Amino acid sequence: MDNTLEFPDLLRLIDDRSAAFRAAVASAPSLEVQVPTCPEWTLSDLVQHLGQGRRRWAAVVVAGPSTVDPASRATQGIGTSEETASVKAEPPGREALDAWLAASTQALLDALRQAGPDRRCWTWWDTSQSPQTCGAVARHQLQEISVHTYDAQLSVGAAQPLPDEVALDGVEDFLSTCVATTTAWPHDPAVVDYHATEGRSWRLWLSGDGARFARLPEPVSTGSTAAGEDRVPAGDAAYASARGTAAELVMAFYGRSPMEALEVDGDRRVFDQLIAWEPEE
């Protein structure tokens with residue numbers, strides 16, 4: 001799609017957001033502070049999740065094409081000692097912890113750079129509109145790191161909104177990776193629009209064929225060509241729409257803020273159904 005972040009930009013921003021995460025952790029008076037947006041976690045839990053997760057995805061990228069999660073082999077007792085070490089727990093001590101987090105990010109970045117954006121690899125989103133490529137992994141990793149950076153910043157009282165370029169790409173990544181699926185939508189067919197105040201819009205179609213999305217021109221016009229393969233059918237009006245900044249949309253998608261924080265029009269029940277929907281794998 002037009003205007004999505006290029007692979008070098010994704011890697012640059014992964015490094016930037018990871019550094020912001022480490023800065024938040026370094027400023028925390030204690031790693032046992034609660035994470036308001038992940039109420040069952042302390043900051044220590046969040047650190048472990050982010051560090052181990054980046055090492056895990058580095059192992060996935062290095063493994064290349066696969067029909068099963070290569071990083072799961074170590075936990076099943078059939079991985080090599082090197083694979084097991086790649087997801088080891090964080091060390092004690094602030095300086096050692098910072099170095100461990102930095103190394104976790106570097107492992108992911110090195111794996112992605114060596115593989116390149118077009119190399120195929122295992123992903124959990126095989127029925128979505130996102131490709132099973134290292135480029136798609138980089139795109140989604142940027143969003144996961146960025147949202148958890150917000151979590152860490154919030155924990156220490158210094159929350160900052162997502163950078164604009166991250167947030168705009170984040171709306172599209174979430175819809176293509178986390179929402180789009182071939183699993184049948186279990187409710188009445190619906191059409192939902194999302195509008196970022198920065199001037200970008202997306203449409204989501206929900207039906208017995210699953211969920212699919214396309215970027216739309218702004219304002220939406222009947223018969224206009226959407227980015228990608230989709231074209232807006234005549235008379236295909238949205239049942240509901242949500243409007244906010246791209247960062248506000250991403251925060252609502254990931255449950256960091258309520259839908260009430262957005263300007264919602266139309267049948268609000270569709271959003272409740274979307275939030276509750278858990279498509280079968």
# chains A, B, ... in the order shown; residues from 1 in each chain; ligands from 1

$ closest_atom_pairs --of "range 7-86 of chain A" --to "range 247-257 of chain A" --cutoff "12 Å" --atoms "only C-alpha atoms" --output "CSV"
residue,atom,partner,partner_atom,distance
A:Val35,CA,A:Arg256,CA,11.3
A:Pro36,CA,A:Arg256,CA,9.2
A:Thr37,CA,A:Arg256,CA,6.0
A:Cys38,CA,A:Arg256,CA,8.8
A:Pro39,CA,A:Arg256,CA,11.2

$ select_by_dssp --residues "range 32-207 of chain A" --states "strand (DSSP E or B)" --output "list in words"
Gln34, Val35, Cys38, Pro39, Glu40, Trp41, Thr42, Arg120, Thr133, Thr181, Ala190, Val191, Val192, Asp193, Tyr194, His195, Ala196, Arg200, Ser201, Trp202, Arg203, Leu204, Trp205, Leu206 and Ser207 of chain A

$ residues_around --residues "Gly244 in chain A" --least-positions-apart "3" --cutoff "6 Å" --atoms "only C-alpha atoms" --output "list in words"
Ala196, Thr197, Glu248 and Leu262 of chain A

$ write_last_selection --atoms "C-alpha atoms" --output "mmCIF file, in the first residue's frame"
data_model
loop_
_atom_site.group_PDB
_atom_site.id
_atom_site.type_symbol
_atom_site.label_atom_id
_atom_site.label_comp_id
_atom_site.auth_asym_id
_atom_site.auth_seq_id
_atom_site.Cartn_x
_atom_site.Cartn_y
_atom_site.Cartn_z
ATOM 1 C CA ALA A 196 -7.467 9.362 11.361
ATOM 2 C CA THR A 197 -7.579 13.118 11.775
ATOM 3 C CA GLU A 248 -5.806 7.350 19.570
ATOM 4 C CA LEU A 262 -12.962 8.247 19.927
#

$ closest_residue --among "A:Asp265, A:Asp209, A:Glu6, A:Asp193" --to "Ala237 in chain A" --atoms "only C-alpha atoms"
A:Asp193

$ residues_around --residues "range 210-219 of chain A" --least-positions-apart "2" --cutoff "6 Å" --atoms "only C-alpha atoms" --output "ChimeraX atom specification"
/A:180-185,201-208,226-227

$ select_by_dssp --residues "range 58-270 of chain A" --states "helix (DSSP H, G or I)" --output "ChimeraX atom specification"
/A:58-63,72-75,81-86,94-115,134-155,164-179,246-253,259-261,269-270

$ residues_around --residues "range 96-98 of chain A" --least-positions-apart "3" --cutoff "12 Å" --atoms "only C-alpha atoms" --output "PDB file with all heavy atoms, in the first residue's frame"
ATOM      1  N   SER A  18      12.677   1.071  21.044  1.00  0.00           N
ATOM      2  CA  SER A  18      13.329   0.218  22.045  1.00  0.00           C
ATOM      3  C   SER A  18      14.183   1.060  22.980  1.00  0.00           C
ATOM      4  O   SER A  18      14.236   0.800  24.196  1.00  0.00           O
ATOM      5  CB  SER A  18      14.186  -0.838  21.353  1.00  0.00           C
ATOM      6  OG  SER A  18      13.388  -1.706  20.565  1.00  0.00           O
ATOM      7  N   ALA A  19      14.862   2.062  22.429  1.00  0.00           N
ATOM      8  CA  ALA A  19      15.652   2.957  23.270  1.00  0.00           C
ATOM      9  C   ALA A  19      14.752   3.736  24.222  1.00  0.00           C
ATOM     10  O   ALA A  19      15.099   3.956  25.389  1.00  0.00           O
ATOM     11  CB  ALA A  19      16.461   3.917  22.392  1.00  0.00           C
ATOM     12  N   ALA A  20      13.585   4.155  23.741  1.00  0.00           N
ATOM     13  CA  ALA A  20      12.629   4.865  24.601  1.00  0.00           C
ATOM     14  C   ALA A  20      12.111   3.943  25.709  1.00  0.00           C
ATOM     15  O   ALA A  20      11.898   4.387  26.845  1.00  0.00           O
ATOM     16  CB  ALA A  20      11.475   5.402  23.761  1.00  0.00           C
ATOM     17  N   PHE A  21      11.912   2.678  25.392  1.00  0.00           N
ATOM     18  CA  PHE A  21      11.494   1.706  26.404  1.00  0.00           C
ATOM     19  C   PHE A  21      12.567   1.571  27.479  1.00  0.00           C
ATOM     20  O   PHE A  21      12.276   1.609  28.684  1.00  0.00           O
ATOM     21  CB  PHE A  21      11.221   0.349  25.750  1.00  0.00           C
ATOM     22  CG  PHE A  21      10.784  -0.721  26.714  1.00  0.00           C
ATOM     23  CD1 PHE A  21       9.452  -0.888  27.027  1.00  0.00           C
ATOM     24  CD2 PHE A  21      11.713  -1.572  27.307  1.00  0.00           C
ATOM     25  CE1 PHE A  21       9.038  -1.877  27.917  1.00  0.00           C
ATOM     26  CE2 PHE A  21      11.313  -2.557  28.197  1.00  0.00           C
ATOM     27  CZ  PHE A  21       9.971  -2.704  28.505  1.00  0.00           C
ATOM     28  N   ARG A  22      13.815   1.428  27.075  1.00  0.00           N
ATOM     29  CA  ARG A  22      14.908   1.278  28.031  1.00  0.00           C
ATOM     30  C   ARG A  22      15.051   2.521  28.902  1.00  0.00           C
ATOM     31  O   ARG A  22      15.348   2.414  30.098  1.00  0.00           O
ATOM     32  CB  ARG A  22      16.209   0.990  27.288  1.00  0.00           C
ATOM     33  CG  ARG A  22      16.279  -0.417  26.698  1.00  0.00           C
ATOM     34  CD  ARG A  22      17.375  -0.534  25.659  1.00  0.00           C
ATOM     35  NE  ARG A  22      18.635  -0.011  26.140  1.00  0.00           N
ATOM     36  CZ  ARG A  22      19.572   0.528  25.350  1.00  0.00           C
ATOM     37  NH1 ARG A  22      19.345   0.612  24.027  1.00  0.00           N
ATOM     38  NH2 ARG A  22      20.700   0.973  25.858  1.00  0.00           N
ATOM     39  N   ALA A  23      14.823   3.688  28.308  1.00  0.00           N
ATOM     40  CA  ALA A  23      14.913   4.928  29.081  1.00  0.00           C
ATOM     41  C   ALA A  23      13.842   4.974  30.163  1.00  0.00           C
ATOM     42  O   ALA A  23      14.097   5.415  31.292  1.00  0.00           O
ATOM     43  CB  ALA A  23      14.795   6.137  28.152  1.00  0.00           C
ATOM     44  N   ALA A  24      12.639   4.514  29.817  1.00  0.00           N
ATOM     45  CA  ALA A  24      11.559   4.483  30.810  1.00  0.00           C
ATOM     46  C   ALA A  24      11.894   3.528  31.943  1.00  0.00           C
ATOM     47  O   ALA A  24      11.688   3.834  33.126  1.00  0.00           O
ATOM     48  CB  ALA A  24      10.241   4.084  30.142  1.00  0.00           C
ATOM     49  N   VAL A  25      12.422   2.363  31.589  1.00  0.00           N
ATOM     50  CA  VAL A  25      12.793   1.381  32.609  1.00  0.00           C
ATOM     51  C   VAL A  25      13.888   1.934  33.511  1.00  0.00           C
ATOM     52  O   VAL A  25      13.847   1.788  34.738  1.00  0.00           O
ATOM     53  CB  VAL A  25      13.243   0.064  31.946  1.00  0.00           C
ATOM     54  CG1 VAL A  25      13.808  -0.906  32.981  1.00  0.00           C
ATOM     55  CG2 VAL A  25      12.081  -0.590  31.196  1.00  0.00           C
ATOM     56  N   ALA A  26      14.870   2.594  32.910  1.00  0.00           N
ATOM     57  CA  ALA A  26      15.986   3.135  33.686  1.00  0.00           C
ATOM     58  C   ALA A  26      15.527   4.211  34.670  1.00  0.00           C
ATOM     59  O   ALA A  26      16.146   4.396  35.727  1.00  0.00           O
ATOM     60  CB  ALA A  26      17.045   3.709  32.742  1.00  0.00           C
ATOM     61  N   SER A  27      14.432   4.910  34.347  1.00  0.00           N
ATOM     62  CA  SER A  27      13.949   5.985  35.213  1.00  0.00           C
ATOM     63  C   SER A  27      13.025   5.496  36.322  1.00  0.00           C
ATOM     64  O   SER A  27      12.654   6.273  37.200  1.00  0.00           O
ATOM     65  CB  SER A  27      13.219   7.034  34.371  1.00  0.00           C
ATOM     66  OG  SER A  27      11.970   6.534  33.894  1.00  0.00           O
ATOM     67  N   LEU A  31      11.352  -1.773  39.737  1.00  0.00           N
ATOM     68  CA  LEU A  31      10.798  -2.604  38.665  1.00  0.00           C
ATOM     69  C   LEU A  31       9.530  -3.323  39.114  1.00  0.00           C
ATOM     70  O   LEU A  31       8.898  -4.022  38.314  1.00  0.00           O
ATOM     71  CB  LEU A  31      11.830  -3.626  38.197  1.00  0.00           C
ATOM     72  CG  LEU A  31      13.081  -3.066  37.516  1.00  0.00           C
ATOM     73  CD1 LEU A  31      13.968  -4.205  37.038  1.00  0.00           C
ATOM     74  CD2 LEU A  31      12.721  -2.153  36.356  1.00  0.00           C
ATOM     75  N   SER A  44       8.752  -5.230  35.821  1.00  0.00           N
ATOM     76  CA  SER A  44       9.674  -6.352  35.626  1.00  0.00           C
ATOM     77  C   SER A  44       9.093  -7.383  34.661  1.00  0.00           C
ATOM     78  O   SER A  44       9.802  -7.911  33.797  1.00  0.00           O
ATOM     79  CB  SER A  44       9.989  -7.009  36.968  1.00  0.00           C
ATOM     80  OG  SER A  44      10.832  -8.134  36.793  1.00  0.00           O
ATOM     81  N   VAL A  47       9.324  -5.973  31.166  1.00  0.00           N
ATOM     82  CA  VAL A  47      10.700  -6.049  30.678  1.00  0.00           C
ATOM     83  C   VAL A  47      11.007  -7.456  30.172  1.00  0.00           C
ATOM     84  O   VAL A  47      11.576  -7.637  29.083  1.00  0.00           O
ATOM     85  CB  VAL A  47      11.680  -5.657  31.804  1.00  0.00           C
ATOM     86  CG1 VAL A  47      13.111  -6.068  31.454  1.00  0.00           C
ATOM     87  CG2 VAL A  47      11.612  -4.155  32.060  1.00  0.00           C
ATOM     88  N   GLN A  48      10.633  -8.453  30.948  1.00  0.00           N
ATOM     89  CA  GLN A  48      10.885  -9.839  30.538  1.00  0.00           C
ATOM     90  C   GLN A  48      10.150 -10.155  29.239  1.00  0.00           C
ATOM     91  O   GLN A  48      10.708 -10.776  28.333  1.00  0.00           O
ATOM     92  CB  GLN A  48      10.444 -10.794  31.645  1.00  0.00           C
ATOM     93  CG  GLN A  48      10.712 -12.257  31.317  1.00  0.00           C
ATOM     94  CD  GLN A  48      10.353 -13.193  32.459  1.00  0.00           C
ATOM     95  OE1 GLN A  48       9.946 -12.757  33.520  1.00  0.00           O
ATOM     96  NE2 GLN A  48      10.510 -14.475  32.234  1.00  0.00           N
ATOM     97  N   LEU A  50       9.190  -8.088  26.840  1.00  0.00           N
ATOM     98  CA  LEU A  50       9.744  -7.404  25.678  1.00  0.00           C
ATOM     99  C   LEU A  50      11.093  -7.995  25.287  1.00  0.00           C
ATOM    100  O   LEU A  50      11.338  -8.267  24.103  1.00  0.00           O
ATOM    101  CB  LEU A  50       9.881  -5.906  25.958  1.00  0.00           C
ATOM    102  CG  LEU A  50       9.994  -5.081  24.668  1.00  0.00           C
ATOM    103  CD1 LEU A  50       8.621  -4.881  24.056  1.00  0.00           C
ATOM    104  CD2 LEU A  50      10.650  -3.739  24.919  1.00  0.00           C
ATOM    105  N   GLY A  51      11.965  -8.225  26.268  1.00  0.00           N
ATOM    106  CA  GLY A  51      13.281  -8.754  25.948  1.00  0.00           C
ATOM    107  C   GLY A  51      13.243 -10.156  25.389  1.00  0.00           C
ATOM    108  O   GLY A  51      13.837 -10.450  24.343  1.00  0.00           O
ATOM    109  N   ALA A  89      16.121 -15.624  30.601  1.00  0.00           N
ATOM    110  CA  ALA A  89      15.539 -14.550  31.398  1.00  0.00           C
ATOM    111  C   ALA A  89      16.519 -13.410  31.588  1.00  0.00           C
ATOM    112  O   ALA A  89      17.734 -13.583  31.475  1.00  0.00           O
ATOM    113  CB  ALA A  89      15.100 -15.089  32.753  1.00  0.00           C
ATOM    114  N   GLU A  90      15.961 -12.232  31.900  1.00  0.00           N
ATOM    115  CA  GLU A  90      16.814 -11.052  32.063  1.00  0.00           C
ATOM    116  C   GLU A  90      17.686 -11.177  33.305  1.00  0.00           C
ATOM    117  O   GLU A  90      17.287 -11.805  34.286  1.00  0.00           O
ATOM    118  CB  GLU A  90      15.965  -9.785  32.134  1.00  0.00           C
ATOM    119  CG  GLU A  90      15.307  -9.492  33.475  1.00  0.00           C
ATOM    120  CD  GLU A  90      14.030 -10.269  33.694  1.00  0.00           C
ATOM    121  OE1 GLU A  90      13.706 -11.131  32.855  1.00  0.00           O
ATOM    122  OE2 GLU A  90      13.356 -10.033  34.699  1.00  0.00           O
ATOM    123  N   PRO A  91      18.873 -10.571  33.283  1.00  0.00           N
ATOM    124  CA  PRO A  91      19.794 -10.670  34.417  1.00  0.00           C
ATOM    125  C   PRO A  91      19.441  -9.660  35.508  1.00  0.00           C
ATOM    126  O   PRO A  91      18.727  -8.689  35.265  1.00  0.00           O
ATOM    127  CB  PRO A  91      21.143 -10.329  33.781  1.00  0.00           C
ATOM    128  CG  PRO A  91      20.785  -9.376  32.676  1.00  0.00           C
ATOM    129  CD  PRO A  91      19.454  -9.871  32.144  1.00  0.00           C
ATOM    130  N   PRO A  92      19.929  -9.854  36.718  1.00  0.00           N
ATOM    131  CA  PRO A  92      19.703  -8.878  37.787  1.00  0.00           C
ATOM    132  C   PRO A  92      20.618  -7.679  37.616  1.00  0.00           C
ATOM    133  O   PRO A  92      21.647  -7.751  36.936  1.00  0.00           O
ATOM    134  CB  PRO A  92      20.045  -9.671  39.047  1.00  0.00           C
ATOM    135  CG  PRO A  92      21.066 -10.662  38.585  1.00  0.00           C
ATOM    136  CD  PRO A  92      20.664 -11.046  37.180  1.00  0.00           C
ATOM    137  N   GLY A  93      20.250  -6.550  38.245  1.00  0.00           N
ATOM    138  CA  GLY A  93      21.078  -5.353  38.184  1.00  0.00           C
ATOM    139  C   GLY A  93      20.671  -4.460  37.034  1.00  0.00           C
ATOM    140  O   GLY A  93      20.453  -4.942  35.913  1.00  0.00           O
ATOM    141  N   LEU A 101      18.498  -5.828  27.472  1.00  0.00           N
ATOM    142  CA  LEU A 101      17.441  -5.303  26.612  1.00  0.00           C
ATOM    143  C   LEU A 101      18.011  -4.801  25.290  1.00  0.00           C
ATOM    144  O   LEU A 101      17.440  -5.045  24.220  1.00  0.00           O
ATOM    145  CB  LEU A 101      16.699  -4.178  27.324  1.00  0.00           C
ATOM    146  CG  LEU A 101      15.654  -4.576  28.354  1.00  0.00           C
ATOM    147  CD1 LEU A 101      15.172  -3.362  29.134  1.00  0.00           C
ATOM    148  CD2 LEU A 101      14.471  -5.278  27.685  1.00  0.00           C
ATOM    149  N   ALA A 102      19.136  -4.090  25.352  1.00  0.00           N
ATOM    150  CA  ALA A 102      19.766  -3.589  24.128  1.00  0.00           C
ATOM    151  C   ALA A 102      20.181  -4.751  23.230  1.00  0.00           C
ATOM    152  O   ALA A 102      20.004  -4.699  22.000  1.00  0.00           O
ATOM    153  CB  ALA A 102      20.972  -2.722  24.483  1.00  0.00           C
ATOM    154  N   ALA A 103      20.720  -5.808  23.829  1.00  0.00           N
ATOM    155  CA  ALA A 103      21.137  -6.975  23.047  1.00  0.00           C
ATOM    156  C   ALA A 103      19.934  -7.688  22.439  1.00  0.00           C
ATOM    157  O   ALA A 103      20.022  -8.242  21.334  1.00  0.00           O
ATOM    158  CB  ALA A 103      21.938  -7.933  23.925  1.00  0.00           C
ATOM    159  N   SER A 104      18.812  -7.679  23.150  1.00  0.00           N
ATOM    160  CA  SER A 104      17.595  -8.304  22.629  1.00  0.00           C
ATOM    161  C   SER A 104      17.128  -7.590  21.365  1.00  0.00           C
ATOM    162  O   SER A 104      16.790  -8.220  20.356  1.00  0.00           O
ATOM    163  CB  SER A 104      16.491  -8.260  23.690  1.00  0.00           C
ATOM    164  OG  SER A 104      16.865  -8.960  24.856  1.00  0.00           O
ATOM    165  N   THR A 105      17.113  -6.260  21.415  1.00  0.00           N
ATOM    166  CA  THR A 105      16.743  -5.478  20.241  1.00  0.00           C
ATOM    167  C   THR A 105      17.728  -5.712  19.113  1.00  0.00           C
ATOM    168  O   THR A 105      17.329  -5.887  17.950  1.00  0.00           O
ATOM    169  CB  THR A 105      16.701  -3.978  20.584  1.00  0.00           C
ATOM    170  OG1 THR A 105      15.753  -3.748  21.623  1.00  0.00           O
ATOM    171  CG2 THR A 105      16.322  -3.156  19.365  1.00  0.00           C
TER     172      THR A 105
END

$ residues_around --residues "Asp169 in chain A" --least-positions-apart "2" --cutoff "12 Å" --atoms "only C-alpha atoms" --output "PyMOL selection string"
chain A and resi 1-6+9-10+13+136+138-143+146+162-167+171-177+196+198+200-202+215+246-247+249-250

$ write_last_selection --atoms "C-alpha atoms" --output "PDB file, in the first residue's frame"
ATOM      1  CA  MET A   1       0.000   0.000   0.000  1.00  0.00           C
ATOM      2  CA  ASP A   2       1.116   3.575  -0.665  1.00  0.00           C
ATOM      3  CA  ASN A   3       2.877   5.557   2.056  1.00  0.00           C
ATOM      4  CA  THR A   4       3.542   2.617   4.355  1.00  0.00           C
ATOM      5  CA  LEU A   5       6.883   2.643   6.138  1.00  0.00           C
ATOM      6  CA  GLU A   6       9.800   1.220   4.173  1.00  0.00           C
ATOM      7  CA  ASP A   9      12.313   2.990   8.413  1.00  0.00           C
ATOM      8  CA  LEU A  10      10.831   0.067  10.326  1.00  0.00           C
ATOM      9  CA  LEU A  13      11.926   3.029  14.468  1.00  0.00           C
ATOM     10  CA  ALA A 136       5.651  -8.001   7.932  1.00  0.00           C
ATOM     11  CA  ALA A 138       9.317  -5.989  11.325  1.00  0.00           C
ATOM     12  CA  ARG A 139       6.150  -3.983  10.820  1.00  0.00           C
ATOM     13  CA  HIS A 140       4.245  -5.750  13.582  1.00  0.00           C
ATOM     14  CA  GLN A 141       7.251  -5.808  15.910  1.00  0.00           C
ATOM     15  CA  LEU A 142       7.449  -2.030  15.654  1.00  0.00           C
ATOM     16  CA  GLN A 143       3.866  -1.780  16.854  1.00  0.00           C
ATOM     17  CA  SER A 146       5.813   0.964  20.540  1.00  0.00           C
ATOM     18  CA  LEU A 162       3.063   7.260  19.652  1.00  0.00           C
ATOM     19  CA  PRO A 163       5.080   9.110  16.996  1.00  0.00           C
ATOM     20  CA  ASP A 164       2.835  10.051  14.068  1.00  0.00           C
ATOM     21  CA  GLU A 165       4.577   7.830  11.512  1.00  0.00           C
ATOM     22  CA  VAL A 166       4.400   4.853  13.861  1.00  0.00           C
ATOM     23  CA  ALA A 167       0.736   5.433  14.668  1.00  0.00           C
ATOM     24  CA  VAL A 171      -3.673   1.466  12.271  1.00  0.00           C
ATOM     25  CA  GLU A 172      -3.029  -0.307   9.002  1.00  0.00           C
ATOM     26  CA  ASP A 173      -0.901  -3.027  10.575  1.00  0.00           C
ATOM     27  CA  PHE A 174      -3.525  -3.807  13.198  1.00  0.00           C
ATOM     28  CA  LEU A 175      -6.337  -4.080  10.661  1.00  0.00           C
ATOM     29  CA  SER A 176      -4.324  -6.222   8.260  1.00  0.00           C
ATOM     30  CA  THR A 177      -2.619  -8.432  10.855  1.00  0.00           C
ATOM     31  CA  ALA A 196      -7.467   9.362  11.361  1.00  0.00           C
ATOM     32  CA  GLU A 198      -4.211  13.220   9.982  1.00  0.00           C
ATOM     33  CA  ARG A 200      -6.135   8.848   6.237  1.00  0.00           C
ATOM     34  CA  SER A 201      -9.129   6.475   6.286  1.00  0.00           C
ATOM     35  CA  TRP A 202      -9.688   2.727   6.224  1.00  0.00           C
ATOM     36  CA  ARG A 215      -7.348   2.025   2.773  1.00  0.00           C
ATOM     37  CA  ALA A 246      -3.928   7.702  14.494  1.00  0.00           C
ATOM     38  CA  ALA A 247      -2.370   7.311  17.939  1.00  0.00           C
ATOM     39  CA  LEU A 249      -7.046   4.699  17.136  1.00  0.00           C
ATOM     40  CA  VAL A 250      -4.056   2.456  17.870  1.00  0.00           C
TER      41      VAL A 250
END

$ atom_distance --atom1 "CA of Gln106 in chain A" --atom2 "CA of Cys121 in chain A"
18.9 Å

$ atom_distance --atom1 "CA of Asp118 in chain A" --atom2 "CA of Ile145 in chain A"
21.4 Å

$ closest_residue --among "A:Pro186, A:Gly170, A:Pro8, A:Gly116" --to "Glu278 in chain A" --atoms "only C-alpha atoms"
A:Pro186

$ atom_distance --atom1 "CA of Thr133 in chain A" --atom2 "CA of Ala152 in chain A"
28.5 Å

$ decode --residues "range 191-207 of chain A" --atoms "N, CA and C atoms" --output "PDB file, in the first residue's frame"
ATOM      1  N   VAL A 191     -20.081  -3.034   7.774  1.00  0.00           N
ATOM      2  CA  VAL A 191     -19.006  -2.250   7.167  1.00  0.00           C
ATOM      3  C   VAL A 191     -18.622  -1.164   8.163  1.00  0.00           C
ATOM      4  N   VAL A 192     -17.346  -1.083   8.489  1.00  0.00           N
ATOM      5  CA  VAL A 192     -16.874  -0.139   9.503  1.00  0.00           C
ATOM      6  C   VAL A 192     -15.776   0.735   8.903  1.00  0.00           C
ATOM      7  N   ASP A 193     -15.856   2.030   9.160  1.00  0.00           N
ATOM      8  CA  ASP A 193     -14.823   2.962   8.713  1.00  0.00           C
ATOM      9  C   ASP A 193     -14.035   3.480   9.902  1.00  0.00           C
ATOM     10  N   TYR A 194     -12.741   3.674   9.694  1.00  0.00           N
ATOM     11  CA  TYR A 194     -11.870   4.301  10.675  1.00  0.00           C
ATOM     12  C   TYR A 194     -11.220   5.512  10.021  1.00  0.00           C
ATOM     13  N   HIS A 195     -11.296   6.657  10.687  1.00  0.00           N
ATOM     14  CA  HIS A 195     -10.757   7.891  10.138  1.00  0.00           C
ATOM     15  C   HIS A 195      -9.717   8.468  11.086  1.00  0.00           C
ATOM     16  N   ALA A 196      -8.498   8.660  10.594  1.00  0.00           N
ATOM     17  CA  ALA A 196      -7.467   9.362  11.361  1.00  0.00           C
ATOM     18  C   ALA A 196      -7.545  10.836  11.012  1.00  0.00           C
ATOM     19  N   THR A 197      -7.476  11.679  12.012  1.00  0.00           N
ATOM     20  CA  THR A 197      -7.579  13.118  11.775  1.00  0.00           C
ATOM     21  C   THR A 197      -6.402  13.636  10.953  1.00  0.00           C
ATOM     22  N   GLU A 198      -5.340  12.823  10.830  1.00  0.00           N
ATOM     23  CA  GLU A 198      -4.211  13.220   9.982  1.00  0.00           C
ATOM     24  C   GLU A 198      -4.554  13.145   8.496  1.00  0.00           C
ATOM     25  N   GLY A 199      -5.738  12.604   8.173  1.00  0.00           N
ATOM     26  CA  GLY A 199      -6.175  12.603   6.780  1.00  0.00           C
ATOM     27  C   GLY A 199      -6.116  11.261   6.090  1.00  0.00           C
ATOM     28  N   ARG A 200      -6.138  10.183   6.841  1.00  0.00           N
ATOM     29  CA  ARG A 200      -6.135   8.848   6.237  1.00  0.00           C
ATOM     30  C   ARG A 200      -7.316   8.064   6.770  1.00  0.00           C
ATOM     31  N   SER A 201      -7.942   7.244   5.909  1.00  0.00           N
ATOM     32  CA  SER A 201      -9.129   6.475   6.286  1.00  0.00           C
ATOM     33  C   SER A 201      -8.994   5.031   5.826  1.00  0.00           C
ATOM     34  N   TRP A 202      -9.695   4.149   6.546  1.00  0.00           N
ATOM     35  CA  TRP A 202      -9.688   2.727   6.224  1.00  0.00           C
ATOM     36  C   TRP A 202     -11.105   2.183   6.344  1.00  0.00           C
ATOM     37  N   ARG A 203     -11.417   1.169   5.553  1.00  0.00           N
ATOM     38  CA  ARG A 203     -12.722   0.510   5.621  1.00  0.00           C
ATOM     39  C   ARG A 203     -12.533  -0.968   5.920  1.00  0.00           C
ATOM     40  N   LEU A 204     -13.376  -1.486   6.809  1.00  0.00           N
ATOM     41  CA  LEU A 204     -13.346  -2.894   7.211  1.00  0.00           C
ATOM     42  C   LEU A 204     -14.679  -3.526   6.852  1.00  0.00           C
ATOM     43  N   TRP A 205     -14.619  -4.626   6.092  1.00  0.00           N
ATOM     44  CA  TRP A 205     -15.819  -5.379   5.722  1.00  0.00           C
ATOM     45  C   TRP A 205     -15.883  -6.646   6.570  1.00  0.00           C
ATOM     46  N   LEU A 206     -17.024  -6.932   7.180  1.00  0.00           N
ATOM     47  CA  LEU A 206     -17.223  -8.103   8.024  1.00  0.00           C
ATOM     48  C   LEU A 206     -18.384  -8.919   7.470  1.00  0.00           C
ATOM     49  N   SER A 207     -18.138 -10.208   7.218  1.00  0.00           N
ATOM     50  CA  SER A 207     -19.173 -11.044   6.610  1.00  0.00           C
ATOM     51  C   SER A 207     -18.877 -12.507   6.893  1.00  0.00           C
TER      52      SER A 207
END
